[in-house]
$ cat model.json   # JSON, C-alpha atoms and all ligand atoms
[["chain", "number", "residue", "atom", "x", "y", "z"],
["A", 1132, "MET", "CA", -33.62, -57.41, 0.10],
["A", 1133, "SER", "CA", -34.70, -59.02, 3.34],
["A", 1134, "ASP", "CA", -38.38, -58.44, 2.56],
["A", 1135, "ALA", "CA", -38.40, -60.74, -0.47],
["A", 1136, "PRO", "CA", -40.20, -63.97, 0.45],
["A", 1137, "LEU", "CA", -38.53, -67.36, 0.19],
["A", 1138, "LEU", "CA", -41.64, -68.87, -1.38],
["A", 1139, "GLU", "CA", -44.00, -66.97, -3.63],
["A", 1140, "VAL", "CA", -47.02, -68.78, -5.02],
["A", 1141, "THR", "CA", -49.23, -67.00, -7.54],
["A", 1142, "ASP", "CA", -52.61, -68.14, -8.88],
["A", 1143, "LEU", "CA", -51.73, -71.78, -8.36],
["A", 1144, "CYS", "CA", -54.14, -74.32, -9.85],
["A", 1145, "SER", "CA", -53.96, -78.08, -9.61],
["A", 1146, "GLY", "CA", -55.98, -81.22, -9.07],
["A", 1147, "TYR", "CA", -56.32, -84.85, -10.00],
["A", 1148, "GLY", "CA", -56.94, -85.50, -13.67],
["A", 1149, "ARG", "CA", -60.11, -83.70, -14.63],
["A", 1150, "SER", "CA", -61.03, -82.89, -11.09],
["A", 1151, "GLN", "CA", -59.62, -79.46, -10.28],
["A", 1152, "VAL", "CA", -59.01, -78.88, -6.57],
["A", 1153, "LEU", "CA", -56.99, -75.66, -6.31],
["A", 1154, "PHE", "CA", -58.45, -72.60, -7.98],
["A", 1155, "GLY", "CA", -55.80, -69.90, -7.96],
["A", 1156, "ILE", "CA", -53.95, -69.96, -4.64],
["A", 1157, "THR", "CA", -51.72, -66.97, -3.95],
["A", 1158, "MET", "CA", -49.51, -67.13, -0.89],
["A", 1159, "ARG", "CA", -46.01, -66.47, 0.36],
["A", 1160, "ALA", "CA", -43.65, -67.67, 3.04],
["A", 1161, "PRO", "CA", -40.73, -65.71, 4.51],
["A", 1162, "HIS", "CA", -37.16, -67.02, 4.89],
["A", 1163, "ALA", "CA", -37.79, -67.65, 8.57],
["A", 1164, "GLY", "CA", -41.09, -68.03, 10.37],
["A", 1165, "GLY", "CA", -44.19, -70.18, 10.40],
["A", 1166, "VAL", "CA", -47.09, -69.99, 7.99],
["A", 1167, "ALA", "CA", -50.26, -71.89, 8.86],
["A", 1168, "ILE", "CA", -52.63, -73.39, 6.31],
["A", 1169, "LEU", "CA", -56.05, -74.00, 7.81],
["A", 1170, "GLY", "CA", -59.25, -75.35, 6.33],
["A", 1171, "ARG", "CA", -61.84, -78.03, 6.82],
["A", 1172, "ASN", "CA", -61.47, -81.60, 5.58],
["A", 1173, "GLY", "CA", -61.26, -81.72, 1.81],
["A", 1174, "ALA", "CA", -60.49, -78.01, 1.45],
["A", 1175, "GLY", "CA", -57.35, -78.74, -0.58],
["A", 1176, "LYS", "CA", -54.55, -78.39, 2.00],
["A", 1177, "THR", "CA", -52.79, -81.66, 1.18],
["A", 1178, "THR", "CA", -53.26, -81.00, -2.52],
["A", 1179, "LEU", "CA", -51.56, -77.63, -2.05],
["A", 1180, "LEU", "CA", -48.55, -79.13, -0.26],
["A", 1181, "LYS", "CA", -48.27, -81.91, -2.84],
["A", 1182, "THR", "CA", -48.28, -79.37, -5.64],
["A", 1183, "LEU", "CA", -45.61, -77.30, -3.89],
["A", 1184, "ALA", "CA", -43.50, -80.44, -3.36],
["A", 1185, "GLY", "CA", -43.88, -81.37, -7.04],
["A", 1186, "GLU", "CA", -45.79, -84.61, -6.53],
["A", 1187, "LEU", "CA", -48.73, -83.06, -8.33],
["A", 1188, "ARG", "CA", -48.29, -80.96, -11.44],
["A", 1189, "ALA", "CA", -49.49, -77.38, -11.30],
["A", 1190, "THR", "CA", -52.02, -76.79, -14.07],
["A", 1191, "GLY", "CA", -51.75, -73.04, -13.74],
["A", 1192, "GLY", "CA", -49.92, -70.28, -11.91],
["A", 1193, "SER", "CA", -46.38, -70.10, -10.64],
["A", 1194, "ILE", "CA", -44.26, -71.24, -7.70],
["A", 1195, "ARG", "CA", -41.10, -69.28, -7.02],
["A", 1196, "LEU", "CA", -38.40, -70.17, -4.55],
["A", 1197, "ASP", "CA", -36.00, -67.33, -3.90],
["A", 1198, "GLY", "CA", -37.35, -65.68, -7.03],
["A", 1199, "LYS", "CA", -36.72, -68.68, -9.31],
["A", 1200, "PRO", "CA", -39.64, -70.56, -10.84],
["A", 1201, "ILE", "CA", -39.72, -74.19, -9.66],
["A", 1202, "GLU", "CA", -43.14, -75.35, -10.90],
["A", 1203, "GLY", "CA", -41.45, -77.34, -13.68],
["A", 1204, "ARG", "CA", -39.00, -79.09, -11.36],
["A", 1205, "THR", "CA", -39.33, -82.68, -10.14],
["A", 1206, "PRO", "CA", -39.83, -83.52, -6.44],
["A", 1207, "GLU", "CA", -36.16, -84.63, -6.22],
["A", 1208, "GLN", "CA", -34.95, -81.36, -7.75],
["A", 1209, "ARG", "CA", -37.16, -79.34, -5.40],
["A", 1210, "SER", "CA", -35.80, -81.29, -2.47],
["A", 1211, "ARG", "CA", -32.27, -80.35, -3.59],
["A", 1212, "ASP", "CA", -33.48, -76.76, -3.96],
["A", 1213, "GLY", "CA", -34.30, -76.87, -0.25],
["A", 1214, "VAL", "CA", -37.96, -77.80, -0.18],
["A", 1215, "GLY", "CA", -38.52, -80.47, 2.46],
["A", 1216, "SER", "CA", -41.83, -82.06, 3.26],
["A", 1217, "VAL", "CA", -43.44, -84.32, 5.82],
["A", 1218, "PRO", "CA", -46.46, -85.85, 4.09],
["A", 1219, "GLN", "CA", -49.72, -86.59, 5.87],
["A", 1220, "GLU", "CA", -49.22, -90.33, 5.40],
["A", 1221, "GLN", "CA", -46.36, -92.74, 4.83],
["A", 1222, "ALA", "CA", -43.58, -90.40, 5.83],
["A", 1223, "ILE", "CA", -41.27, -93.16, 7.11],
["A", 1224, "PHE", "CA", -40.05, -96.60, 6.04],
["A", 1225, "ALA", "CA", -41.87, -98.88, 8.46],
["A", 1226, "ARG", "CA", -39.64, -101.93, 8.00],
["A", 1227, "MET", "CA", -36.39, -100.08, 8.56],
["A", 1228, "THR", "CA", -35.01, -99.09, 11.92],
["A", 1229, "VAL", "CA", -35.11, -95.55, 13.25],
["A", 1230, "ARG", "CA", -31.37, -95.26, 12.56],
["A", 1231, "GLU", "CA", -31.76, -96.45, 8.95],
["A", 1232, "ASN", "CA", -34.59, -93.99, 8.37],
["A", 1233, "LEU", "CA", -32.43, -91.14, 9.65],
["A", 1234, "LEU", "CA", -29.42, -92.26, 7.59],
["A", 1235, "LEU", "CA", -31.60, -92.20, 4.47],
["A", 1236, "GLY", "CA", -32.71, -88.68, 5.31],
["A", 1237, "ALA", "CA", -29.11, -87.64, 5.82],
["A", 1238, "ARG", "CA", -28.20, -88.95, 2.35],
["A", 1239, "GLY", "CA", -24.63, -89.75, 3.30],
["A", 1240, "ARG", "CA", -24.03, -86.58, 5.25],
["A", 1241, "ASP", "CA", -22.01, -86.78, 8.45],
["A", 1242, "SER", "CA", -23.57, -88.33, 11.52],
["A", 1243, "GLY", "CA", -23.27, -84.97, 13.29],
["A", 1244, "ALA", "CA", -26.45, -83.97, 11.50],
["A", 1245, "ILE", "CA", -28.22, -86.97, 13.00],
["A", 1246, "ASP", "CA", -26.97, -86.02, 16.48],
["A", 1247, "GLN", "CA", -28.53, -82.61, 15.95],
["A", 1248, "VAL", "CA", -31.90, -84.18, 15.17],
["A", 1249, "LEU", "CA", -31.60, -86.41, 18.24],
["A", 1250, "ARG", "CA", -31.04, -83.32, 20.36],
["A", 1251, "ILE", "CA", -34.32, -81.93, 19.00],
["A", 1252, "PHE", "CA", -36.16, -85.24, 19.54],
["A", 1253, "PRO", "CA", -34.32, -87.08, 22.34],
["A", 1254, "LYS", "CA", -37.03, -89.79, 22.39],
["A", 1255, "LEU", "CA", -35.76, -91.04, 19.03],
["A", 1256, "GLY", "CA", -32.25, -91.50, 20.42],
["A", 1257, "ARG", "CA", -33.52, -94.19, 22.75],
["A", 1258, "ARG", "CA", -35.13, -96.08, 19.86],
["A", 1259, "LEU", "CA", -32.46, -96.05, 17.16],
["A", 1260, "GLY", "CA", -32.45, -99.83, 16.74],
["A", 1261, "GLN", "CA", -36.23, -100.19, 16.76],
["A", 1262, "THR", "CA", -38.18, -100.93, 13.59],
["A", 1263, "ALA", "CA", -39.95, -97.70, 12.63],
["A", 1264, "GLY", "CA", -43.26, -99.51, 12.06],
["A", 1265, "THR", "CA", -43.40, -100.36, 15.77],
["A", 1266, "LEU", "CA", -43.02, -96.76, 16.96],
["A", 1267, "SER", "CA", -45.95, -94.99, 18.59],
["A", 1268, "GLY", "CA", -47.88, -92.47, 16.50],
["A", 1269, "GLY", "CA", -46.09, -89.55, 18.14],
["A", 1270, "GLU", "CA", -42.66, -91.12, 17.72],
["A", 1271, "ARG", "CA", -43.38, -91.77, 14.06],
["A", 1272, "LYS", "CA", -44.26, -88.14, 13.50],
["A", 1273, "MET", "CA", -41.04, -87.09, 15.25],
["A", 1274, "LEU", "CA", -39.06, -89.47, 13.06],
["A", 1275, "ALA", "CA", -40.74, -88.10, 9.94],
["A", 1276, "VAL", "CA", -39.93, -84.51, 10.93],
["A", 1277, "GLY", "CA", -36.38, -85.51, 11.90],
["A", 1278, "ARG", "CA", -35.84, -87.27, 8.60],
["A", 1279, "ALA", "CA", -37.04, -84.24, 6.65],
["A", 1280, "LEU", "CA", -34.77, -81.96, 8.69],
["A", 1281, "LEU", "CA", -31.77, -84.07, 7.71],
["A", 1282, "GLY", "CA", -32.31, -82.97, 4.11],
["A", 1283, "ARG", "CA", -31.43, -79.48, 5.41],
["A", 1284, "PRO", "CA", -34.49, -77.78, 3.95],
["A", 1285, "ARG", "CA", -34.81, -74.04, 3.71],
["A", 1286, "LEU", "CA", -38.55, -74.57, 3.58],
["A", 1287, "LEU", "CA", -40.14, -77.35, 5.60],
["A", 1288, "MET", "CA", -43.76, -78.25, 4.82],
["A", 1289, "LEU", "CA", -45.64, -80.31, 7.38],
["A", 1290, "ASP", "CA", -48.99, -81.92, 6.67],
["A", 1291, "GLU", "CA", -50.73, -82.45, 10.03],
["A", 1292, "PRO", "CA", -47.69, -83.43, 12.09],
["A", 1293, "THR", "CA", -49.85, -83.92, 15.18],
["A", 1294, "GLU", "CA", -52.57, -86.09, 13.60],
["A", 1295, "GLY", "CA", -53.38, -88.99, 15.92],
["A", 1296, "VAL", "CA", -50.80, -87.92, 18.49],
["A", 1297, "TRP", "CA", -51.38, -87.80, 22.24],
["A", 1298, "ILE", "CA", -51.79, -84.26, 23.63],
["A", 1299, "GLY", "CA", -48.56, -84.33, 25.68],
["A", 1300, "VAL", "CA", -46.52, -85.20, 22.64],
["A", 1301, "ILE", "CA", -48.41, -82.65, 20.55],
["A", 1302, "GLU", "CA", -47.08, -79.93, 22.87],
["A", 1303, "GLU", "CA", -43.57, -81.32, 22.49],
["A", 1304, "ILE", "CA", -43.82, -81.25, 18.69],
["A", 1305, "ALA", "CA", -45.30, -77.74, 18.79],
["A", 1306, "ASP", "CA", -42.40, -76.46, 20.92],
["A", 1307, "GLN", "CA", -39.86, -77.87, 18.47],
["A", 1308, "LEU", "CA", -41.70, -76.45, 15.47],
["A", 1309, "MET", "CA", -41.77, -73.05, 17.10],
["A", 1310, "GLU", "CA", -38.03, -73.19, 17.60],
["A", 1311, "LEU", "CA", -37.44, -74.36, 14.03],
["A", 1312, "ALA", "CA", -39.58, -71.52, 12.71],
["A", 1313, "GLY", "CA", -37.05, -69.16, 14.27],
["A", 1314, "ARG", "CA", -34.43, -70.23, 11.77],
["A", 1315, "MET", "CA", -36.23, -71.63, 8.73],
["A", 1316, "SER", "CA", -39.40, -71.32, 6.75],
["A", 1317, "ILE", "CA", -42.18, -73.58, 7.98],
["A", 1318, "ILE", "CA", -45.52, -74.22, 6.30],
["A", 1319, "LEU", "CA", -47.82, -75.99, 8.70],
["A", 1320, "VAL", "CA", -51.10, -77.66, 7.81],
["A", 1321, "GLU", "CA", -52.96, -78.34, 11.04],
["A", 1322, "GLN", "CA", -56.37, -79.28, 12.39],
["A", 1323, "HIS", "CA", -55.32, -77.96, 15.80],
["A", 1324, "VAL", "CA", -56.02, -74.34, 15.02],
["A", 1325, "GLU", "CA", -54.72, -72.92, 18.30],
["A", 1326, "LEU", "CA", -51.46, -74.80, 17.93],
["A", 1327, "ALA", "CA", -51.03, -73.75, 14.30],
["A", 1328, "LEU", "CA", -51.64, -70.11, 15.14],
["A", 1329, "ARG", "CA", -49.13, -70.32, 17.98],
["A", 1330, "VAL", "CA", -46.39, -71.74, 15.75],
["A", 1331, "ALA", "CA", -47.21, -69.51, 12.79],
["A", 1332, "SER", "CA", -47.05, -65.76, 12.53],
["A", 1333, "TYR", "CA", -49.21, -65.66, 9.40],
["A", 1334, "ALA", "CA", -52.13, -67.83, 8.33],
["A", 1335, "TYR", "CA", -54.09, -68.71, 5.23],
["A", 1336, "VAL", "CA", -57.53, -70.26, 5.46],
["A", 1337, "ILE", "CA", -58.48, -72.32, 2.44],
["A", 1338, "ASP", "CA", -61.97, -73.32, 1.42],
["A", 1339, "ARG", "CA", -62.81, -75.24, -1.75],
["A", 1340, "GLY", "CA", -59.40, -74.60, -3.21],
["A", 1341, "THR", "CA", -59.25, -70.85, -2.73],
["A", 1342, "VAL", "CA", -57.87, -68.60, 0.00],
["A", 1343, "VAL", "CA", -60.89, -67.19, 1.84],
["A", 1344, "LEU", "CA", -59.10, -65.54, 4.75],
["A", 1345, "GLU", "CA", -55.51, -64.56, 5.44],
["A", 1346, "GLY", "CA", -53.54, -62.36, 7.77],
["A", 1347, "PRO", "CA", -51.24, -62.23, 10.79],
["A", 1348, "ALA", "CA", -51.97, -65.18, 13.10],
["A", 1349, "ASP", "CA", -53.46, -62.95, 15.82],
["A", 1350, "ASP", "CA", -55.88, -61.32, 13.40],
["A", 1351, "VAL", "CA", -56.99, -64.63, 11.95],
["A", 1352, "ARG", "CA", -57.48, -66.08, 15.45],
["A", 1353, "ASN", "CA", -59.86, -63.23, 16.29],
["A", 1354, "ASP", "CA", -61.65, -63.12, 12.96],
["A", 1355, "LYS", "CA", -65.32, -63.98, 13.32],
["A", 1356, "ALA", "CA", -65.33, -65.66, 9.91],
["A", 1357, "LEU", "CA", -62.71, -68.23, 11.00],
["A", 1358, "LEU", "CA", -65.11, -70.64, 12.70],
["A", 1359, "ARG", "CA", -67.47, -70.51, 9.77],
["A", 1360, "TYR", "CA", -64.71, -71.54, 7.37],
["A", 1361, "LEU", "CA", -63.56, -74.34, 9.65],
["A", 1362, "ALA", "CA", -66.99, -75.72, 10.53],
["A", 1363, "PRO", "CA", -67.60, -79.14, 8.98],
["B", 1401, "LIG", "N1", -55.85, -88.85, -5.40],
["B", 1401, "LIG", "C1", -56.98, -88.17, -5.54],
["B", 1401, "LIG", "N2", -57.76, -88.32, -6.60],
["B", 1401, "LIG", "C2", -58.91, -87.61, -6.75],
["B", 1401, "LIG", "N3", -59.35, -86.70, -5.86],
["B", 1401, "LIG", "C3", -58.60, -86.50, -4.76],
["B", 1401, "LIG", "C4", -57.38, -87.21, -4.55],
["B", 1401, "LIG", "N4", -56.86, -86.81, -3.37],
["B", 1401, "LIG", "C5", -57.71, -85.89, -2.89],
["B", 1401, "LIG", "N5", -58.76, -85.69, -3.73],
["B", 1401, "LIG", "C6", -59.88, -84.75, -3.52],
["B", 1401, "LIG", "O1", -59.36, -83.43, -3.50],
["B", 1401, "LIG", "C7", -60.06, -82.64, -2.55],
["B", 1401, "LIG", "C8", -59.05, -82.00, -1.61],
["B", 1401, "LIG", "O2", -58.37, -83.04, -0.88],
["B", 1401, "LIG", "P1", -57.16, -82.73, 0.08],
["B", 1401, "LIG", "O3", -56.58, -84.06, 0.45],
["B", 1401, "LIG", "O4", -56.27, -81.75, -0.54],
["B", 1401, "LIG", "O5", -57.93, -82.08, 1.32],
["B", 1401, "LIG", "P2", -57.37, -81.63, 2.75],
["B", 1401, "LIG", "O6", -57.70, -80.20, 2.90],
["B", 1401, "LIG", "O7", -55.97, -82.04, 2.90],
["B", 1401, "LIG", "O8", -58.31, -82.47, 3.73],
["B", 1401, "LIG", "P3", -57.97, -83.20, 5.15],
["B", 1401, "LIG", "O9", -58.09, -82.13, 6.18],
["B", 1401, "LIG", "O10", -59.08, -84.20, 5.28],
["B", 1401, "LIG", "O11", -56.62, -83.84, 5.07],
["B", 1401, "LIG", "C9", -61.05, -83.57, -1.86],
["B", 1401, "LIG", "O12", -62.31, -83.36, -2.43],
["B", 1401, "LIG", "C10", -60.53, -84.96, -2.18],
["B", 1401, "LIG", "O13", -61.57, -85.88, -2.25],
["B", 1402, "MG", "MG", -54.99, -83.38, 4.10]]

$ encode --input "model.json" --output "structure tokens" --more "lines below"
Ligand SMILES: Nc1ncnc2c1ncn2[C@@H]1O[C@H](COP(=O)(O)OP(=O)(O)OP(=O)(O)O)[C@@H](O)[C@H]1O
Ligand SMILES: [Mg+2]
Amino acid sequence: MSDAPLLEVTDLCSGYGRSQVLFGITMRAPHAGGVAILGRNGAGKTTLLKTLAGELRATGGSIRLDGKPIEGRTPEQRSRDGVGSVPQEQAIFARMTVRENLLLGARGRDSGAIDQVLRIFPKLGRRLGQTAGTLSGGERKMLAVGRALLGRPRLLMLDEPTEGVWIGVIEEIADQLMELAGRMSIILVEQHVELALRVASYAYVIDRGTVVLEGPADDVRNDKALLRYLAP
């Protein structure tokens, strides 16, 4: 059944201790294609990705990957299941070189996989021996995405991959994400709404831990309510 989603999230609740942040999120992601998660600061986007990655425990609802429940699985198990993620912060090992970071992502797989990533982000190829902590903001984001790709995810979740990145490099990252979305499932949290809606074919807008608007990217772009939900 080609229509069955890769990821199916139903009534997902989670938060930090007693402070509940997500109040019943229902969403899906197809086997290939981009899904955008939009919402103002503090809406719960990072909390959602962390709960999907298993870093935060779901306190309610279900997460299914290819039909199988994964909400009880650890982050490591989910990563083996094919869930890759690029967190909003600390996505690379700053004291290691670019090459060492990539080797860690490859987890002993052949270096051909690393060559593939270097074809996607040629800038990294020129900096293999450089300490990751000395990379520019844009290069760091590329390294983080490249490292996650080396885990061969079926689903790649990105938490603001363009945050703090110069506009020229943002376009470069967007182009690569668009290409990746052609062959894998991408969940993209982004403040750059136009970019997110270009990469994604479907979007969810989150406000105070619930989905307040969703639909095909073009519909969401033209929805009058969008600006209201994104206004600070
Ligand atoms: N570790 C934590 N402990 C307690 N509360 C937290 C923690 N992390 C986040 N929160 C709270 O959870 C809510 C949602 O935060 P979250 O980081 O998911 O927002 P976000 O949509 O990713 O925002 P941004 O666009 O600023 O990254 C916020 O009110 C935040 O203060
Ligand atoms: Mg966030």

$ residues_near_ligand --input "model.json" --ligand "ligand MG 1402 (chain B)" --cutoff "12 Å" --atoms "only C-alpha atoms and all ligand atoms" --output "list in words"
Ile1168, Leu1169, Gly1170, Arg1171, Asn1172, Gly1173, Ala1174, Gly1175, Lys1176, Thr1177, Thr1178, Leu1179, Leu1180, Lys1181, Val1217, Pro1218, Gln1219, Glu1220, Leu1289, Asp1290, Glu1291, Pro1292, Glu1294, Leu1319, Val1320, Glu1321, Gln1322 and Ile1337 of chain A

$ residues_near_point --input "model.json" --point "(-44.4, -85.2, -8.6)" --cutoff "8 Å" --atoms "all atoms listed in the file" --output "list in words"
Lys1181, Thr1182, Ala1184, Gly1185, Glu1186, Leu1187, Arg1188, Thr1205 and Pro1206 of chain A

$ atom_distance --input "model.json" --atom1 "atom CA of A:Gly1268" --atom2 "atom CA of A:Arg1211"
28.2 Å

$ closest_residue --input "model.json" --among "A:Asp1241, A:Asp1212, A:Glu1139, A:Asp1246" --to "A:Arg1195" --atoms "all atoms listed in the file"
A:Glu1139

$ atom_distance --input "model.json" --atom1 "atom CA of A:Asp1338" --atom2 "atom CA of A:Ala1312"
25.1 Å

$ closest_residue --input "model.json" --among "A:Ile1156, A:Val1229, A:Leu1280, A:Ala1327" --to "A:Thr1293" --atoms "only C-alpha atoms"
A:Ala1327

$ residues_around --input "model.json" --residues "A:Glu1310" --least-positions-apart "6" --cutoff "12 Å" --atoms "all atoms listed in the file" --output "ChimeraX atom specification"
/A:1163-1165,1251,1303-1304,1316-1317,1329-1331

$ write_last_selection --input "model.json" --atoms "C-alpha atoms" --output "tab-separated table (two decimals), keeping the file's coordinate frame"
chain	number	residue	atom	x	y	z
A	1163	ALA	CA	-37.79	-67.65	8.57
A	1164	GLY	CA	-41.09	-68.03	10.37
A	1165	GLY	CA	-44.19	-70.18	10.40
A	1251	ILE	CA	-34.32	-81.93	19.00
A	1303	GLU	CA	-43.57	-81.32	22.49
A	1304	ILE	CA	-43.82	-81.25	18.69
A	1316	SER	CA	-39.40	-71.32	6.75
A	1317	ILE	CA	-42.18	-73.58	7.98
A	1329	ARG	CA	-49.13	-70.32	17.98
A	1330	VAL	CA	-46.39	-71.74	15.75
A	1331	ALA	CA	-47.21	-69.51	12.79

$ residues_around --input "model.json" --residues "A:Leu1344" --least-positions-apart "4" --cutoff "8 Å" --atoms "all atoms listed in the file" --output "ChimeraX atom specification"
/A:1335-1337,1351,1357

$ closest_residue --input "model.json" --among "A:Asp1350, A:Val1214, A:Ala1362, A:Asn1232" --to "ligand LIG 1401 (chain B)" --atoms "all atoms listed in the file"
A:Ala1362

$ closest_residue --input "model.json" --among "A:Gly1215, A:Gly1340, A:Gly1243, A:Pro1253" --to "A:Gly1282" --atoms "all atoms listed in the file"
A:Gly1215

$ closest_residue --input "model.json" --among "A:Ile1318, A:Cys1144, A:Leu1361, A:Val1152" --to "ligand LIG 1401 (chain B)" --atoms "only C-alpha atoms and all ligand atoms"
A:Val1152

$ closest_residue --input "model.json" --among "A:Val1342, A:Asp1142, A:Gly1213, A:Ser1150" --to "A:Gly1192" --atoms "only C-alpha atoms"
A:Asp1142

$ atom_distance --input "model.json" --atom1 "atom CA of A:Gln1261" --atom2 "atom CA of A:Thr1228"
5.1 Å

$ residues_around --input "model.json" --residues "A:Arg1271" --least-positions-apart "2" --cutoff "10 Å" --atoms "all atoms listed in the file" --output "ChimeraX atom specification"
/A:1221-1225,1229,1255,1263-1269,1273-1277,1292,1296

$ residues_around --input "model.json" --residues "A:Ser1145" --least-positions-apart "2" --cutoff "7 Å" --atoms "all atoms listed in the file" --output "list in words"
Leu1143, Gln1151, Val1152, Leu1153, Arg1188, Ala1189, Thr1190 and Gly1191 of chain A

$ build_atoms --input "model.json" --residues "stretch 1156-1168 of chain A" --atoms "N, CA and C atoms" --output "CSV table (one decimal), in the coordinates of the input"
chain,number,residue,atom,x,y,z
A,1156,ILE,N,-54.5,-70.3,-6.0
A,1156,ILE,CA,-54.0,-70.0,-4.6
A,1156,ILE,C,-52.8,-69.0,-4.7
A,1157,THR,N,-52.8,-67.9,-4.0
A,1157,THR,CA,-51.7,-67.0,-4.0
A,1157,THR,C,-51.3,-66.9,-2.5
A,1158,MET,N,-50.0,-67.2,-2.3
A,1158,MET,CA,-49.5,-67.1,-0.9
A,1158,MET,C,-48.0,-66.9,-0.9
A,1159,ARG,N,-47.5,-66.6,0.2
A,1159,ARG,CA,-46.0,-66.5,0.4
A,1159,ARG,C,-45.6,-67.0,1.7
A,1160,ALA,N,-44.2,-67.3,1.8
A,1160,ALA,CA,-43.6,-67.7,3.0
A,1160,ALA,C,-42.3,-67.0,3.1
A,1161,PRO,N,-42.0,-66.4,4.3
A,1161,PRO,CA,-40.7,-65.7,4.5
A,1161,PRO,C,-39.6,-66.7,4.7
A,1162,HIS,N,-38.3,-66.2,4.7
A,1162,HIS,CA,-37.2,-67.0,4.9
A,1162,HIS,C,-37.1,-67.7,6.3
A,1163,ALA,N,-37.7,-67.0,7.3
A,1163,ALA,CA,-37.8,-67.6,8.6
A,1163,ALA,C,-39.2,-67.3,9.1
A,1164,GLY,N,-39.8,-68.3,9.8
A,1164,GLY,CA,-41.1,-68.0,10.4
A,1164,GLY,C,-42.1,-69.1,9.9
A,1165,GLY,N,-43.2,-69.2,10.7
A,1165,GLY,CA,-44.2,-70.2,10.4
A,1165,GLY,C,-45.4,-69.6,9.7
A,1166,VAL,N,-45.9,-70.4,8.7
A,1166,VAL,CA,-47.1,-70.0,8.0
A,1166,VAL,C,-48.1,-71.1,8.2
A,1167,ALA,N,-49.3,-70.8,8.6
A,1167,ALA,CA,-50.3,-71.9,8.9
A,1167,ALA,C,-51.2,-72.0,7.7
A,1168,ILE,N,-51.6,-73.2,7.3
A,1168,ILE,CA,-52.6,-73.4,6.3
A,1168,ILE,C,-53.8,-74.1,7.0
